[in-house]
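For reference, final-v9.cif (mmCIF, C-alpha atoms and all ligand atoms):
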```cif
data_model
loop_
_atom_site.label_atom_id
_atom_site.label_comp_id
_atom_site.auth_asym_id
_atom_site.auth_seq_id
_atom_site.Cartn_x
_atom_site.Cartn_y
_atom_site.Cartn_z
CA MET A 194 9.72 28.81 -8.21
CA ILE A 195 8.08 26.71 -5.53
CA GLY A 196 10.43 24.17 -3.98
CA MET A 197 9.96 21.17 -1.72
CA GLU A 198 9.29 21.74 1.96
CA GLN A 199 12.42 20.30 3.58
CA THR A 200 11.81 18.14 6.62
CA MET A 201 13.32 15.36 8.71
CA ARG A 202 11.72 12.68 10.76
CA TRP A 203 11.86 13.23 14.50
CA PHE A 204 11.00 10.44 16.91
CA GLY A 205 9.94 12.77 19.72
CA PRO A 206 11.58 14.07 22.87
CA ASN A 207 13.80 10.96 23.29
CA ASP A 208 15.27 11.16 19.81
CA PRO A 209 19.06 11.67 20.06
CA VAL A 210 18.71 14.00 17.05
CA SER A 211 17.15 17.15 18.45
CA LEU A 212 14.78 19.66 16.92
CA ARG A 213 17.64 22.13 16.93
CA ASP A 214 19.78 19.69 14.92
CA ILE A 215 16.95 19.34 12.43
CA ARG A 216 16.64 23.09 12.11
CA GLN A 217 20.38 23.45 11.58
CA ALA A 218 20.18 20.86 8.81
CA GLY A 219 18.16 23.47 6.93
CA CYS A 220 14.70 22.05 7.55
CA SER A 221 11.60 24.11 8.11
CA GLY A 222 9.41 21.14 8.97
CA VAL A 223 9.30 18.02 11.06
CA VAL A 224 7.68 14.67 10.39
CA THR A 225 6.61 12.91 13.53
CA ALA A 226 4.02 10.87 15.39
CA LEU A 227 2.69 10.39 18.88
CA HIS A 228 4.61 7.16 19.35
CA HIS A 229 3.53 6.88 23.01
CA ILE A 230 -0.15 6.42 22.12
CA PRO A 231 -1.01 2.73 21.64
CA VAL A 232 -1.93 1.64 18.11
CA GLY A 233 -5.68 2.03 17.64
CA ALA A 234 -6.29 4.60 20.40
CA VAL A 235 -7.51 8.12 19.64
CA TRP A 236 -4.96 10.89 19.33
CA THR A 237 -6.54 13.52 21.54
CA ALA A 238 -6.52 17.19 20.60
CA GLU A 239 -4.61 17.90 23.77
CA GLU A 240 -1.75 15.47 23.00
CA ILE A 241 -1.51 16.76 19.45
CA ARG A 242 -1.39 20.37 20.66
CA LYS A 243 1.31 19.58 23.21
CA ARG A 244 3.59 18.01 20.60
CA LYS A 245 2.87 20.73 18.07
CA GLY A 246 3.76 23.40 20.65
CA MET A 247 7.11 21.72 21.30
CA ILE A 248 7.94 21.70 17.58
CA GLU A 249 6.87 25.28 17.04
CA ALA A 250 8.88 26.45 20.05
CA ALA A 251 11.95 25.18 18.18
CA GLY A 252 11.06 27.32 15.16
CA LEU A 253 9.74 24.42 13.08
CA THR A 254 6.38 23.24 11.74
CA TRP A 255 4.79 19.82 12.20
CA SER A 256 4.41 19.22 8.47
CA VAL A 257 3.45 15.56 8.24
CA VAL A 258 2.22 12.81 10.56
CA GLU A 259 4.26 9.63 10.12
CA SER A 260 2.55 7.42 10.96
CA LEU A 261 -0.99 7.30 12.19
CA PRO A 262 -0.77 3.51 12.47
CA VAL A 263 -3.59 1.24 11.33
CA HIS A 264 -4.59 -1.39 13.87
CA GLU A 265 -4.15 -5.03 12.82
CA ASP A 266 -7.89 -5.64 13.35
CA ILE A 267 -8.59 -3.15 10.54
CA LYS A 268 -6.18 -4.93 8.21
CA LYS A 269 -7.82 -8.28 8.98
CA ARG A 270 -11.35 -6.88 9.45
CA THR A 271 -11.74 -8.84 12.63
CA GLY A 272 -12.36 -8.08 16.30
CA GLN A 273 -12.85 -4.43 17.14
CA PHE A 274 -12.14 -3.09 13.65
CA ARG A 275 -15.22 -0.87 13.50
CA GLN A 276 -14.28 0.83 16.75
CA TYR A 277 -10.69 1.29 15.54
CA ILE A 278 -11.94 2.89 12.34
CA ARG A 279 -14.08 5.30 14.38
CA ASN A 280 -11.03 6.11 16.51
CA TYR A 281 -8.99 6.71 13.37
CA GLN A 282 -11.63 9.09 12.05
CA THR A 283 -11.64 10.98 15.35
CA SER A 284 -7.86 11.32 15.24
CA LEU A 285 -8.12 12.72 11.71
CA TYR A 286 -10.59 15.37 12.89
CA HIS A 287 -8.28 16.34 15.72
CA LEU A 288 -5.29 16.60 13.42
CA GLY A 289 -7.24 18.70 10.91
CA GLN A 290 -8.32 21.06 13.69
CA GLU A 291 -4.67 21.58 14.57
CA ASP A 292 -3.83 22.28 10.94
CA ILE A 293 -1.75 19.12 10.47
CA ARG A 294 -2.91 17.99 7.07
CA ILE A 295 -0.81 15.14 5.68
CA ILE A 296 -1.20 11.72 7.26
CA THR A 297 1.20 8.90 6.38
CA TYR A 298 0.21 5.32 7.08
CA ASN A 299 0.91 1.87 5.74
CA PHE A 300 -1.05 -1.32 5.25
CA MET A 301 1.77 -3.81 5.78
CA PRO A 302 0.56 -6.70 7.94
CA ILE A 303 2.28 -7.18 11.30
CA LEU A 304 5.73 -5.87 10.45
CA ASP A 305 6.53 -2.41 9.15
CA TRP A 306 9.80 -2.16 7.21
CA VAL A 307 12.26 -5.06 7.31
CA ARG A 308 16.03 -5.26 6.91
CA THR A 309 18.44 -8.04 7.80
CA ASN A 310 21.66 -6.05 8.30
CA LEU A 311 21.87 -2.61 9.90
CA GLU A 312 25.65 -2.27 9.70
CA TYR A 313 26.61 -3.09 6.15
CA GLU A 314 29.91 -1.38 5.56
CA VAL A 315 30.13 0.30 2.16
CA ALA A 316 33.40 1.16 0.38
CA ASP A 317 33.88 4.53 2.13
CA GLY A 318 33.56 2.95 5.60
CA SER A 319 30.10 4.33 6.35
CA LYS A 320 27.35 1.93 7.34
CA ALA A 321 24.19 1.26 5.39
CA LEU A 322 21.05 -0.82 5.85
CA ARG A 323 20.83 -3.95 3.76
CA PHE A 324 18.27 -6.60 2.90
CA GLU A 325 19.46 -10.13 2.19
CA LEU A 326 16.73 -12.55 1.25
CA GLU A 327 18.74 -15.62 2.25
CA ALA A 328 19.16 -14.24 5.78
CA LEU A 329 15.44 -13.65 6.02
CA ILE A 330 14.76 -17.17 4.76
CA ALA A 331 17.30 -18.56 7.25
CA PHE A 332 15.50 -16.70 10.02
CA ASP A 333 12.15 -18.02 8.81
CA LEU A 334 13.25 -21.67 8.45
CA PHE A 335 15.76 -22.17 11.23
CA MET A 336 15.04 -19.61 13.92
CA LEU A 337 11.33 -18.92 13.70
CA LYS A 338 10.58 -22.40 12.28
CA ARG A 339 7.35 -21.19 10.69
CA PRO A 340 5.40 -24.36 9.80
CA LEU A 341 4.58 -23.33 6.21
CA ALA A 342 8.01 -21.88 5.45
CA LYS A 343 9.48 -25.02 3.89
CA ASN A 344 6.90 -24.99 1.10
CA ALA A 345 7.39 -21.32 0.38
CA TYR A 346 10.91 -21.40 -1.01
CA THR A 347 12.76 -23.09 -3.84
CA GLU A 348 15.36 -25.77 -3.14
CA GLN A 349 18.09 -23.40 -4.19
CA GLN A 350 16.85 -20.72 -1.81
CA ILE A 351 16.77 -23.25 1.03
CA THR A 352 20.34 -24.36 0.29
CA LEU A 353 21.59 -20.76 0.22
CA ALA A 354 19.72 -19.99 3.42
CA SER A 355 21.16 -22.98 5.25
CA GLU A 356 24.70 -22.08 4.14
CA CYS A 357 24.05 -18.54 5.33
CA PHE A 358 22.78 -19.84 8.67
CA LYS A 359 25.84 -22.07 9.10
CA ARG A 360 28.14 -19.08 8.55
CA MET A 361 26.43 -17.10 11.31
CA GLY A 362 27.82 -17.16 14.84
CA GLU A 363 25.55 -16.83 17.88
CA PRO A 364 25.96 -13.03 18.13
CA GLN A 365 24.99 -12.66 14.47
CA LYS A 366 21.93 -14.84 14.96
CA LYS A 367 20.88 -12.76 17.92
CA LYS A 368 21.37 -9.56 15.89
CA LEU A 369 19.32 -10.91 13.00
CA TYR A 370 16.57 -11.91 15.40
CA ASP A 371 16.49 -8.46 17.01
CA THR A 372 16.61 -6.70 13.66
CA ILE A 373 13.55 -8.53 12.37
CA LEU A 374 11.43 -8.99 15.48
CA GLN A 375 12.21 -6.05 17.70
CA GLY A 376 11.14 -3.63 14.99
CA LEU A 377 13.07 -0.91 13.18
CA PRO A 378 12.60 2.76 14.10
CA GLY A 379 9.02 3.84 13.63
CA SER A 380 7.63 0.29 13.73
CA GLU A 381 5.09 0.39 16.47
CA GLU A 382 5.42 -3.16 17.79
CA SER A 383 7.96 -5.82 18.66
CA PHE A 384 7.41 -9.56 18.99
CA THR A 385 8.55 -12.75 20.64
CA PRO A 386 8.77 -15.76 18.27
CA SER A 387 5.57 -17.30 19.60
CA GLN A 388 3.70 -14.02 19.26
CA ILE A 389 4.80 -13.58 15.68
CA LEU A 390 3.99 -17.17 14.77
CA ALA A 391 0.48 -16.68 16.12
CA ALA A 392 0.14 -13.36 14.29
CA LEU A 393 1.39 -14.88 11.01
CA GLN A 394 -1.07 -17.74 11.40
CA GLU A 395 -3.94 -15.25 11.37
CA TYR A 396 -2.94 -14.12 7.88
CA HIS A 397 -3.00 -17.62 6.37
CA THR A 398 -6.39 -17.08 4.82
CA ILE A 399 -5.82 -13.45 3.84
CA THR A 400 -4.73 -13.41 0.22
CA PRO A 401 -3.31 -10.26 -1.37
CA ALA A 402 -6.68 -9.73 -3.12
CA ARG A 403 -8.49 -9.89 0.19
CA LEU A 404 -6.05 -7.55 1.93
CA LYS A 405 -6.53 -5.11 -0.95
CA ALA A 406 -10.28 -5.28 -0.45
CA HIS A 407 -9.72 -4.51 3.25
CA LEU A 408 -7.55 -1.51 2.39
CA PHE A 409 -10.12 -0.16 -0.06
CA ALA A 410 -12.93 -0.66 2.48
CA PHE A 411 -10.86 1.18 5.10
CA LEU A 412 -10.32 4.05 2.66
CA GLU A 413 -14.03 4.15 1.80
CA ASP A 414 -14.68 4.81 5.49
CA ILE A 415 -11.78 7.16 6.01
CA THR A 416 -11.60 9.41 2.96
CA PRO A 417 -14.97 11.19 3.40
CA VAL A 418 -13.93 12.08 6.94
CA ALA A 419 -10.48 13.14 5.75
CA GLU A 420 -12.09 15.42 3.15
CA GLU A 421 -14.31 16.96 5.79
CA ALA A 422 -11.42 17.35 8.23
CA GLY A 423 -9.24 18.90 5.50
CA VAL A 424 -6.53 16.25 5.67
CA VAL A 425 -5.09 13.89 3.08
CA MET A 426 -3.92 10.30 3.45
CA ALA A 427 -0.51 9.28 2.09
CA ILE A 428 0.11 5.55 1.96
CA HIS A 429 3.65 4.30 2.36
CA PRO A 430 4.59 1.37 0.10
CA ASP A 431 5.63 -2.05 1.28
CA ASP A 432 9.26 -2.14 2.30
CA PRO A 433 10.72 -4.33 0.90
CA PRO A 434 8.20 -4.35 -1.94
CA PHE A 435 7.48 -8.08 -1.91
CA SER A 436 6.17 -10.71 0.47
CA VAL A 437 8.16 -11.50 3.61
CA LEU A 438 7.42 -14.44 5.95
CA GLY A 439 4.55 -15.44 3.69
CA LEU A 440 2.61 -12.21 4.35
CA PRO A 441 0.46 -10.60 1.68
CA ARG A 442 1.88 -7.33 0.33
CA ILE A 443 -0.29 -5.01 -1.73
CA VAL A 444 1.41 -1.64 -2.30
CA SER A 445 4.55 -2.74 -4.09
CA THR A 446 4.18 -2.09 -7.80
CA GLU A 447 2.97 0.50 -10.28
CA THR A 448 -0.10 -1.67 -10.93
CA ASP A 449 -0.90 -1.79 -7.21
CA VAL A 450 -0.76 2.00 -7.01
CA ALA A 451 -2.90 2.53 -10.11
CA GLU A 452 -5.49 0.13 -8.73
CA LEU A 453 -5.50 1.76 -5.30
CA LEU A 454 -5.96 5.26 -6.68
CA SER A 455 -8.78 4.29 -9.01
CA ALA A 456 -10.55 2.06 -6.45
CA VAL A 457 -11.00 5.04 -4.13
CA PRO A 458 -10.84 8.14 -6.32
CA SER A 459 -11.17 10.68 -3.50
CA PRO A 460 -8.39 13.28 -3.62
CA ALA A 461 -7.79 12.44 0.04
CA ASN A 462 -6.49 9.03 -1.08
CA GLY A 463 -2.88 9.80 -1.89
CA LEU A 464 0.67 8.59 -1.71
CA CYS A 465 3.76 8.88 0.37
CA PHE A 466 6.06 8.32 -2.57
CA CYS A 467 9.04 6.40 -1.20
CA THR A 468 11.61 6.09 -3.97
CA GLY A 469 13.72 3.66 -1.92
CA SER A 470 10.89 1.19 -1.38
CA TYR A 471 9.54 1.19 -4.93
CA GLY A 472 13.08 1.31 -6.33
CA ALA A 473 14.07 -2.00 -4.73
CA ARG A 474 12.10 -3.75 -7.52
CA PRO A 475 13.60 -3.78 -11.00
CA ASP A 476 10.13 -3.79 -12.59
CA ASN A 477 9.22 -0.43 -11.04
CA ASP A 478 10.25 2.52 -13.18
CA VAL A 479 10.27 4.99 -10.32
CA LYS A 480 10.78 8.10 -12.44
CA ASN A 481 7.79 7.24 -14.62
CA MET A 482 5.72 6.41 -11.57
CA ALA A 483 6.54 9.86 -10.15
CA SER A 484 5.27 11.41 -13.36
CA ARG A 485 2.18 9.21 -13.70
CA PHE A 486 1.03 9.59 -10.10
CA ALA A 487 2.33 13.14 -9.49
CA VAL A 488 -1.04 14.72 -8.68
CA ARG A 489 -1.66 12.25 -5.85
CA ILE A 490 1.80 12.46 -4.30
CA TYR A 491 1.46 14.34 -1.03
CA PHE A 492 4.73 13.46 0.65
CA LEU A 493 8.12 12.37 -0.63
CA HIS A 494 10.63 9.99 0.88
CA LEU A 495 13.77 10.39 -1.20
CA ARG A 496 16.25 7.56 -0.88
CA ASN A 497 18.12 5.27 -3.21
CA THR A 498 18.79 1.56 -3.25
CA LYS A 499 21.38 -0.45 -5.06
CA ARG A 500 20.14 -3.86 -6.13
CA GLU A 501 23.00 -6.32 -5.94
CA SER A 502 20.76 -9.12 -7.23
CA SER A 503 17.05 -9.85 -7.11
CA GLU A 504 17.61 -11.09 -3.56
CA HIS A 505 19.81 -8.35 -2.12
CA PHE A 506 19.80 -4.61 -1.96
CA PHE A 507 21.42 -1.99 0.19
CA GLU A 508 20.65 1.64 0.76
CA ALA A 509 23.05 3.60 -1.42
CA ASP A 510 23.94 7.30 -1.16
CA HIS A 511 20.98 9.42 -2.15
CA LEU A 512 22.21 10.32 -5.61
CA ASP A 513 23.78 6.94 -6.26
CA GLY A 514 21.95 3.63 -6.68
CA ASP A 515 19.46 2.39 -9.25
CA THR A 516 16.80 5.08 -9.05
CA ASP A 517 16.98 8.22 -11.13
CA LEU A 518 16.35 10.70 -8.32
CA ALA A 519 17.08 13.66 -10.56
CA GLY A 520 14.23 12.51 -12.81
CA VAL A 521 11.90 12.16 -9.81
CA VAL A 522 12.79 15.62 -8.48
CA LEU A 523 12.27 17.13 -11.94
CA HIS A 524 8.71 15.73 -12.07
CA MET A 525 8.05 16.94 -8.54
CA VAL A 526 9.30 20.45 -9.31
CA ARG A 527 6.92 20.58 -12.28
CA GLU A 528 4.07 19.25 -10.14
CA MET A 529 4.64 21.84 -7.43
CA GLN A 530 4.46 24.67 -9.99
CA ARG A 531 1.23 23.21 -11.39
CA ARG A 532 -0.22 22.85 -7.89
CA GLY A 533 1.08 26.18 -6.66
CA ALA A 534 2.13 24.54 -3.41
CA PRO A 535 5.19 22.78 -1.99
CA ILE A 536 5.37 19.03 -1.38
CA PRO A 537 7.09 18.02 1.85
CA VAL A 538 10.17 15.87 1.43
CA ARG A 539 12.39 14.06 3.83
CA PRO A 540 15.72 12.41 3.15
CA ASP A 541 14.65 8.90 3.98
CA HIS A 542 17.47 7.30 5.94
CA GLY A 543 21.15 8.02 5.55
CA HIS A 544 24.41 6.22 6.17
CA GLN A 545 25.88 6.13 9.62
CA MET A 546 29.06 8.13 9.06
CA LEU A 547 31.69 10.48 10.53
CA ASP A 548 31.05 11.20 14.22
CA ASP A 549 27.82 9.24 14.17
CA LEU A 550 29.83 6.01 13.77
CA HIS A 551 30.70 6.38 17.46
CA LYS A 552 27.19 7.18 18.60
CA LYS A 553 24.13 5.14 19.38
CA THR A 554 21.58 6.25 16.82
CA TYR A 555 18.36 4.92 15.37
CA PRO A 556 19.34 2.73 12.39
CA GLY A 557 18.82 4.78 9.24
CA TYR A 558 18.09 7.92 11.22
CA SER A 559 21.46 9.25 12.32
CA ALA A 560 21.94 12.99 11.82
CA ILE A 561 24.94 13.35 9.54
CA GLY A 562 23.97 10.82 6.88
CA ARG A 563 20.55 12.40 6.55
CA LEU A 564 22.10 15.86 6.54
CA ARG A 565 24.27 14.78 3.61
CA GLY A 566 21.26 13.30 1.81
CA LEU A 567 19.15 16.40 2.31
CA ALA A 568 21.96 18.69 1.21
CA GLU A 569 22.39 16.68 -1.99
CA ILE A 570 18.67 16.74 -2.67
CA ARG A 571 18.53 20.49 -2.01
CA GLY A 572 21.38 21.06 -4.45
CA LEU A 573 19.76 18.83 -7.03
CA GLN A 574 16.52 20.76 -6.78
CA ALA A 575 18.33 24.12 -7.00
CA GLY A 576 20.09 22.98 -10.18
CA ILE A 577 16.87 21.70 -11.74
CA MET A 578 15.05 24.93 -10.93
CA TYR A 579 17.89 26.99 -12.31
CA LEU A 580 17.80 25.12 -15.61
CA LEU A 581 14.00 25.27 -15.88
CA GLN A 582 14.02 28.97 -15.13
CA SER A 583 16.79 29.82 -17.53
CA SER A 584 15.22 27.79 -20.31
CA SER A 585 11.87 29.53 -19.78
CA THR A 586 13.47 33.02 -19.90
CA ALA A 587 15.82 32.19 -22.78
C1 LIG B 1 10.97 3.58 7.54
C2 LIG B 1 9.72 4.26 7.29
C3 LIG B 1 8.48 3.44 7.56
C4 LIG B 1 7.26 4.32 7.44
C5 LIG B 1 5.94 3.64 7.65
C6 LIG B 1 4.81 4.55 7.28
O1 LIG B 1 12.00 4.18 7.59
O2 LIG B 1 9.71 4.79 6.01
O3 LIG B 1 8.54 2.92 8.86
O4 LIG B 1 7.33 5.32 8.40
O5 LIG B 1 5.84 2.47 6.94
O6 LIG B 1 3.63 4.12 7.83
#
```
As structure tokens, what does this structure read like?
Amino acid sequence: MIGMEQTMRWFGPNDPVSLRDIRQAGCSGVVTALHHIPVGAVWTAEEIRKRKGMIEAAGLTWSVVESLPVHEDIKKRTGQFRQYIRNYQTSLYHLGQEDIRIITYNFMPILDWVRTNLEYEVADGSKALRFELEALIAFDLFMLKRPLAKNAYTEQQITLASECFKRMGEPQKKKLYDTILQGLPGSEESFTPSQILAALQEYHTITPARLKAHLFAFLEDITPVAEEAGVVMAIHPDDPPFSVLGLPRIVSTETDVAELLSAVPSPANGLCFCTGSYGARPDNDVKNMASRFAVRIYFLHLRNTKRESSEHFFEADHLDGDTDLAGVVLHMVREMQRRGAPIPVRPDHGHQMLDDLHKKTYPGYSAIGRLRGLAEIRGLQAGIMYLLQSSSTA
């Protein structure tokens, strides 16, 4: 039976987790990006080839690009957006020529993924990433002092946020600030408060409906080129899957995905199916989404979240948490047999644990936690395949 192509994210030559580590974790592929190229600039064939050569010299394949970032001008359709779209198209051609065929991107304005606590200690002493809405609101109201923030929250939310802010000492405030504004791994930008306030201001008039129209227009321009270049686009959902700091969010729910796929029906318009992002919302039935959208899933991020309330979640162990990962993997195994081709997967994040607790690692991207996650996913898939095979021969 055809199984998932096992990969890990690698942040390039400065990543403390080496290509050799990734290979020893049992991966055949790597997910990476040219993080040194500024957002919006063309990825030249030469730079792509150089990075690809490095990966192949370690006995691995560059399976997926994560991310080819979309310039803010494209999301807002302002400034140089037409030039940035042309640059994006050129990068897609170059990637296709080098046989790198799956391109992950997101359409989250300004900030990529957001968490408020990177060291949440779970019962076994390992550390997980956590999102606490009241901390984000406290940051918004009392640290950033965004002018429209006061009107955006309920009285109860404001009370909880101010209690949360009062409990925080200076070091905690500084940590929260860095966590939100300095960007998590893979986010391509970091901000000072005045920069982010100015950037947020520019989204005041961009409603979710308008941002959706901008995404669809971008895909109208991109997908014909992707088809010609032999690459597919895989959009990453909003993380967390709801509005933060008043920003529009448009890839959060099953309805969003259905709309996106039917608005631009090209087969090059596909999904990076991130179970952790979608799973942070109780109204997303992630297993059913995996089944419904299976044919357009080109890349899998497998991760689990535990919702503690509608305002809090943390990243649980891969086979724990609220999402039925076994159900998702079952649908993906079926889809791969139908397609006759593997789907790349990466264990998305892992706990900081064992020896890694003493090391400086990228939050969410330490080696051992991801190794554990991948091993569990691999075992889960092996069990599912075994059962499917034995029931078909019985
Ligand atoms: C976080 C990642 C995201 C993702 C981008 C894709 O761990 O899943 O940063 O790479 O949103 O464009």
Item to check | Test item: residues no farther than 9 Å from ligand LIG 1 (chain B), counting only C-alpha atoms and all ligand atoms, as a VMD selection string | outcome: chain A and resid 202 259 to 263 297 to 301 305 to 307 377 to 381 427 to 432 465 467 469 to 470 494 541 to 542 556 to 558
Checklist outcome for this item: Atom pair CA of Ile293 in chain A + CA of Thr468 in chain A, distance 23.6 Å
Next on the checklist: Excluding Val210 in chain A and its own-chain neighbours fewer than 4 positions away, which residues fall within 9 Å of it when counting all atoms listed in the file? Please give them as a list of chain:residue names.
Outcome noted: A:Trp203, A:Phe204, A:Asp214, A:Ile215, A:Thr554, A:Tyr558, A:Ser559, A:Ala560
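Candidate residues A:Leu227, A:Met482, A:Leu464, A:Leu322 were compared for distance to Asn207 in chain A, and the nearest is A:Leu227, using all atoms listed in the file.
Rounded to one decimal, CA of Ala487 in chain A and CA of Ala568 in chain A lie 23.0 Å from each other.
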Checklist outcome for this item: Between CA of Ala410 in chain A and CA of Lys269 in chain A lies a distance of 11.2 Å
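Comparing the minimum interatomic distances between Gly562 in chain A and each of A:Ala509, A:Ala587, A:Leu454, A:Val425, counting all atoms listed in the file, we find that A:Ala509 sits nearest.
Distances to Ile373 in chain A were evaluated for A:Lys338, A:Arg308, A:Arg474, A:His407 using all atoms listed in the file, and the minimum falls at A:Arg308.
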Next on the checklist: Could you list, as a ChimeraX atom specification, every residue within 12 Å of Asp476 in chain A, counting all atoms listed in the file and ignoring same-chain residues fewer than 6 positions away?
Outcome noted: /A:434-435,445-448,482,500,503,515-516
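Using only C-alpha atoms for every distance, the candidate list A:Glu239, A:Glu569, A:Glu265, A:Asp371 yields A:Glu265 as the residue closest to Tyr396 in chain A.
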Item to check | Given all atoms listed in the file as the counted atoms, nearest of A:Val488, A:Ala238, A:Ala473, A:Leu440 to Ser502 in chain A | outcome: A:Ala473
Next on the checklist: I'd like the neighbourhood of Leu564 in chain A as an MDAnalysis selection string, where a residue qualifies if any of its atoms comes within 10 Å (using only C-alpha atoms), though same-chain residues fewer than 6 positions away should be ignored.
Outcome noted: chainID A and resid 201 214:215 217:220 540 542:544 570
Spatial neighbours of range 365-369 of chain A, 10 Å, only C-alpha atoms, chain gap at least 2 places, as a PDB file with C-alpha atoms, keeping the file's coordinate frame:
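Generated file (selection31.pdb):
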```pdb
ATOM      1  CA  ARG A 308      16.030  -5.260   6.910  1.00  0.00           C
ATOM      2  CA  THR A 309      18.440  -8.040   7.800  1.00  0.00           C
ATOM      3  CA  ASN A 310      21.660  -6.050   8.300  1.00  0.00           C
ATOM      4  CA  LEU A 311      21.870  -2.610   9.900  1.00  0.00           C
ATOM      5  CA  ALA A 328      19.160 -14.240   5.780  1.00  0.00           C
ATOM      6  CA  LEU A 329      15.440 -13.650   6.020  1.00  0.00           C
ATOM      7  CA  ALA A 331      17.300 -18.560   7.250  1.00  0.00           C
ATOM      8  CA  PHE A 332      15.500 -16.700  10.020  1.00  0.00           C
ATOM      9  CA  MET A 336      15.040 -19.610  13.920  1.00  0.00           C
ATOM     10  CA  PHE A 358      22.780 -19.840   8.670  1.00  0.00           C
ATOM     11  CA  ARG A 360      28.140 -19.080   8.550  1.00  0.00           C
ATOM     12  CA  MET A 361      26.430 -17.100  11.310  1.00  0.00           C
ATOM     13  CA  GLY A 362      27.820 -17.160  14.840  1.00  0.00           C
ATOM     14  CA  GLU A 363      25.550 -16.830  17.880  1.00  0.00           C
ATOM     15  CA  ASP A 371      16.490  -8.460  17.010  1.00  0.00           C
ATOM     16  CA  THR A 372      16.610  -6.700  13.660  1.00  0.00           C
ATOM     17  CA  ILE A 373      13.550  -8.530  12.370  1.00  0.00           C
ATOM     18  CA  LEU A 374      11.430  -8.990  15.480  1.00  0.00           C
ATOM     19  CA  GLN A 375      12.210  -6.050  17.700  1.00  0.00           C
TER      20      GLN A 375
END
```
